[in-house]
Amino acid sequence: MKKSKQAWIGTIPLFIGIIALTLGLLFAFFLITYLQLSHYLPLWISLPLSLIGAFILFAAFLNIPIPRRKKDPTSDLNINDKIAEGAWCSVYMKKSDKNLVVKQLYFCGWGHNDYRKHKALVIGKEKICGKWNPLILWFLHNYMLLYQMIGLKRRLRFEQSIDALPTTSNVSYTGLRYEQTFVPRELTVENCPENIVEQFKKLNDDLERCGLYIDDVHARNVRLTENGQIQIVDGELYSGGEEWIKSKLVVLINGAMVSNMEKVLGNDRIIAWVDHRERVDNIVKKAFNTESEIKKF
């Protein structure tokens with residue numbers, strides 16, 4: 001039986017549609033401004049003023065305040081069960097089953113809310129979300145959440161074909177919550193498996209067979225089972241086309257924090273953001289005290 005494979009194009013049509021909608025909105029603001037000014041001013045003045053007016057209207061539109069969801073999405077979870085907190089989710093040990101964790105993604109205004117280093121057009125306030133959020137930050141936040149949800153759907157679809165993905169279950173797409181197998185051990189210099197390079201090469205081969213890339217694989221997103229097998233507990237799954245666009249956009253929009261993208265241990269389908277977080281490559285180099293252990297595939 002032929003195994004399914006993710007199409008290269010992925011959600012690129014959606015991305016193109018959003019770009020077209022944005023350009024259409026800009027043109028509509030330009031047209032509205034021009035139709036008003038052209039009655040009173042000559043063409044050589046009304047055209048440049050219309051361009052300026054369109055930008056001002058567009059900026060005002062992007063800064064329409066949007067209220068956050070009223071209820072804290074983690075209000076039914078016990079703070080004492082929290083075992084980790086990341087940029088996009090909180091992780092809780094499931095009370096009824098210690099072999100599972102509950103992951104709650106943040107709604108806009110709850111949890112992850114600092115966009116001060118993003119190149120988003122926000123006027124008159126710090127780029128920090130809270131009770132009220134500029135439309136542009138609300139949109140960016142939810143657009144990134146959309147890809148996390150798409151990544152979860154792909155985990156459910158392909159996790160039986162990729163050994164390094166832990167089991168995901170009970171996904172609530174509207175509640176931004178899901179459960180995952182608890183993987184007990186962090187990846188550290190002291191417990192780095194001797195065959196970690198081979199394990200990542202196997203993961204890369206599995207991803208290639210499925211037509212996928214996995215993103216944001218820094219050291220904290222790699223955990224180890226009791227027998228030393230790597231498990232990628234976070235990070236989105238992208239198609240080839242999505243990865244080609246996404247990596248460029250992240251550096252463009254968030255360049256103050258993310259300077260580049262790199263291949264993890266030389267594997268082209270396993271991507272890490274170059275930022276302040278610990279890199280898998282650094283841990284492997286320290287563990288074996290040599291770069292010769294890291295083969296470039």
# chains A, B, ... in the order shown; residues from 1 in each chain; ligands from 1
>>> residues_around(residues="A:Leu224", least_positions_apart="3", cutoff="10 Å", atoms="only C-alpha atoms", output="list in words")
Ala164, Val183, Pro184, Arg185, Glu186, Leu187, Thr188, Asn191, Cys192, Pro193, Asn227, Gly228, Gln229, Ile230, Gln231, Ile232 and Val233 of chain A
>>> residues_around(residues="A:Asp268", least_positions_apart="2", cutoff="12 Å", atoms="only C-alpha atoms", output="count of residues only")
25
>>> residues_around(residues="A:Leu252", least_positions_apart="5", cutoff="12 Å", atoms="only C-alpha atoms", output="PyMOL selection string")
chain A and resi 117-120+245-247+257-261
>>> closest_residue(among="A:Ala7, A:Ala54, A:Val280, A:Leu49", to="A:Val197", atoms="only C-alpha atoms")
A:Val280
>>> select_by_dssp(residues="stretch 6-235 of chain A", states="alpha helix (DSSP H)", output="JSON, numbers by chain")
{"A": [12, 13, 14, 15, 16, 17, 18, 19, 20, 21, 22, 23, 24, 25, 26, 27, 28, 29, 30, 31, 32, 33, 34, 35, 36, 37, 43, 44, 45, 46, 47, 48, 49, 50, 51, 52, 53, 54, 55, 56, 57, 58, 59, 60, 61, 62, 135, 136, 137, 138, 139, 140, 141, 142, 143, 144, 145, 146, 147, 148, 149, 150, 151, 152, 153, 154, 155, 156, 157, 158, 196, 197, 198, 199, 200, 201, 202, 203, 204, 205, 206, 207, 208, 209, 210]}
>>> residues_around(residues="A:Gln104", least_positions_apart="6", cutoff="10 Å", atoms="only C-alpha atoms", output="count of residues only")
16
>>> select_by_dssp(residues="stretch 37-231 of chain A", states="strand (DSSP E or B)", output="PyMOL selection string")
chain A and resi 65-67+82-85+89-93+100-105+114+128+132-134+168-172+177-181+185-186+213-214+222-224+230-231
>>> write_last_selection(atoms="C-alpha atoms", output="CSV table (one decimal), in the first residue's frame")
chain,number,residue,atom,x,y,z
A,65,PRO,CA,-8.5,47.3,19.1
A,66,ILE,CA,-9.7,43.7,19.4
A,67,PRO,CA,-10.7,42.3,22.9
A,82,LYS,CA,2.3,22.8,35.4
A,83,ILE,CA,5.7,21.3,34.4
A,84,ALA,CA,6.8,23.6,31.6
A,85,GLU,CA,6.0,26.9,29.9
A,89,CYS,CA,2.0,26.9,25.3
A,90,SER,CA,1.9,25.7,28.9
A,91,VAL,CA,2.4,22.1,29.7
A,92,TYR,CA,0.6,20.3,32.5
A,93,MET,CA,0.9,16.8,33.8
A,100,LEU,CA,0.3,12.0,29.4
A,101,VAL,CA,0.7,15.8,29.4
A,102,VAL,CA,-1.9,18.4,28.5
A,103,LYS,CA,-0.7,21.2,26.3
A,104,GLN,CA,-2.6,24.5,26.2
A,105,LEU,CA,-1.8,27.0,23.5
A,114,ASP,CA,5.3,40.3,23.7
A,128,ILE,CA,2.3,43.9,24.0
A,132,TRP,CA,-7.2,44.8,24.1
A,133,ASN,CA,-5.0,44.0,21.0
A,134,PRO,CA,-4.3,45.9,17.8
A,168,THR,CA,-0.7,13.1,20.1
A,169,SER,CA,-4.4,12.7,21.1
A,170,ASN,CA,-7.6,14.5,22.2
A,171,VAL,CA,-7.0,17.6,20.1
A,172,SER,CA,-9.4,20.4,20.6
A,177,ARG,CA,-5.6,22.1,23.6
A,178,TYR,CA,-4.2,18.6,23.1
A,179,GLU,CA,-2.6,15.7,24.9
A,180,GLN,CA,0.7,14.1,24.2
A,181,THR,CA,2.8,11.2,25.5
A,185,ARG,CA,14.2,13.1,30.0
A,186,GLU,CA,15.7,16.3,28.7
A,213,TYR,CA,9.9,19.6,7.3
A,214,ILE,CA,9.9,20.1,11.1
A,222,VAL,CA,14.0,17.3,21.9
A,223,ARG,CA,13.4,14.9,24.8
A,224,LEU,CA,14.6,11.3,25.4
A,230,ILE,CA,14.8,11.1,20.7
A,231,GLN,CA,11.2,12.5,20.6
>>> closest_residue(among="A:Gln148, A:Glu126, A:Leu165, A:Glu242", to="A:Ile16", atoms="only C-alpha atoms")
A:Glu242
>>> closest_residue(among="A:Ile45, A:Ala219, A:Leu145, A:Leu140", to="A:Trp273", atoms="only C-alpha atoms")
A:Ala219
>>> atom_distance(atom1="atom CA of A:Arg69", atom2="atom CA of A:His141")
13.1 Å
>>> atom_distance(atom1="atom CA of A:Asn282", atom2="atom CA of A:Val251")
21.4 Å
>>> atom_distance(atom1="atom CA of A:Trp8", atom2="atom CA of A:Leu237")
12.1 Å
>>> closest_residue(among="A:Arg209, A:His39, A:Lys98, A:Lys248", to="A:Ile162", atoms="only C-alpha atoms")
A:Arg209
>>> closest_residue(among="A:Val122, A:Cys210, A:Ile32, A:Leu41", to="A:Lys5", atoms="only C-alpha atoms")
A:Cys210
>>> closest_residue(among="A:Pro166, A:Cys129, A:Phe30, A:Lys94", to="A:Ile79", atoms="only C-alpha atoms")
A:Lys94
>>> residues_around(residues="A:Phe27", least_positions_apart="4", cutoff="10 Å", atoms="only C-alpha atoms", output="PyMOL selection string")
chain A and resi 21-23+31-33+51+54-55+58
>>> write_last_selection(atoms="all heavy atoms", output="short mmCIF file (atom, residue, chain, number, x, y, z; two decimals), in the first residue's frame")
data_model
loop_
_atom_site.label_atom_id
_atom_site.label_comp_id
_atom_site.auth_asym_id
_atom_site.auth_seq_id
_atom_site.Cartn_x
_atom_site.Cartn_y
_atom_site.Cartn_z
N LEU A 21 -5.67 39.85 -0.58
CA LEU A 21 -6.66 40.59 0.21
C LEU A 21 -6.05 41.86 0.79
O LEU A 21 -6.68 42.93 0.79
CB LEU A 21 -7.19 39.70 1.33
CG LEU A 21 -8.28 40.30 2.22
CD1 LEU A 21 -9.52 40.63 1.40
CD2 LEU A 21 -8.62 39.35 3.36
N THR A 22 -4.81 41.78 1.27
CA THR A 22 -4.13 42.94 1.82
C THR A 22 -3.92 44.02 0.76
O THR A 22 -4.19 45.20 0.98
CB THR A 22 -2.78 42.53 2.42
OG1 THR A 22 -2.99 41.53 3.42
CG2 THR A 22 -2.05 43.72 3.02
N LEU A 23 -3.44 43.59 -0.42
CA LEU A 23 -3.23 44.54 -1.52
C LEU A 23 -4.56 45.14 -1.98
O LEU A 23 -4.64 46.33 -2.30
CB LEU A 23 -2.51 43.85 -2.68
CG LEU A 23 -1.07 43.40 -2.40
CD1 LEU A 23 -0.52 42.64 -3.60
CD2 LEU A 23 -0.19 44.59 -2.07
N LEU A 31 -8.39 54.22 -3.47
CA LEU A 31 -9.48 54.64 -4.33
C LEU A 31 -10.44 55.58 -3.59
O LEU A 31 -10.88 56.59 -4.14
CB LEU A 31 -10.23 53.41 -4.84
CG LEU A 31 -11.18 53.61 -6.03
CD1 LEU A 31 -10.42 54.14 -7.24
CD2 LEU A 31 -11.88 52.30 -6.37
N ILE A 32 -10.75 55.23 -2.35
CA ILE A 32 -11.64 56.08 -1.55
C ILE A 32 -11.04 57.48 -1.38
O ILE A 32 -11.73 58.51 -1.55
CB ILE A 32 -11.89 55.44 -0.16
CG1 ILE A 32 -12.75 54.18 -0.32
CG2 ILE A 32 -12.57 56.42 0.78
CD1 ILE A 32 -12.83 53.34 0.94
N THR A 33 -9.74 57.52 -1.05
CA THR A 33 -9.08 58.80 -0.84
C THR A 33 -9.00 59.60 -2.14
O THR A 33 -9.26 60.81 -2.16
CB THR A 33 -7.66 58.59 -0.28
OG1 THR A 33 -7.72 57.73 0.85
CG2 THR A 33 -7.02 59.90 0.12
N LEU A 51 -2.03 58.36 -2.04
CA LEU A 51 -1.15 57.30 -1.57
C LEU A 51 -0.86 57.44 -0.07
O LEU A 51 -0.91 56.47 0.68
CB LEU A 51 0.17 57.31 -2.35
CG LEU A 51 0.09 56.84 -3.81
CD1 LEU A 51 1.40 57.12 -4.53
CD2 LEU A 51 -0.24 55.35 -3.86
N ALA A 54 -4.04 56.61 1.81
CA ALA A 54 -4.31 55.17 1.83
C ALA A 54 -3.47 54.50 2.91
O ALA A 54 -3.95 53.62 3.64
CB ALA A 54 -4.00 54.56 0.47
N PHE A 55 -2.20 54.91 3.04
CA PHE A 55 -1.34 54.32 4.07
C PHE A 55 -1.85 54.66 5.47
O PHE A 55 -1.86 53.81 6.36
CB PHE A 55 0.10 54.83 3.90
CG PHE A 55 1.04 54.34 4.94
CD1 PHE A 55 1.56 53.06 4.88
CD2 PHE A 55 1.38 55.15 6.03
CE1 PHE A 55 2.43 52.59 5.86
CE2 PHE A 55 2.24 54.68 7.01
CZ PHE A 55 2.77 53.41 6.93
N PHE A 58 -4.91 52.60 6.15
CA PHE A 58 -4.53 51.21 6.33
C PHE A 58 -3.91 50.99 7.71
O PHE A 58 -4.22 50.02 8.41
CB PHE A 58 -3.54 50.80 5.24
CG PHE A 58 -3.20 49.33 5.24
CD1 PHE A 58 -4.16 48.37 5.00
CD2 PHE A 58 -1.89 48.92 5.49
CE1 PHE A 58 -3.85 47.02 4.99
CE2 PHE A 58 -1.57 47.57 5.48
CZ PHE A 58 -2.54 46.63 5.24
#
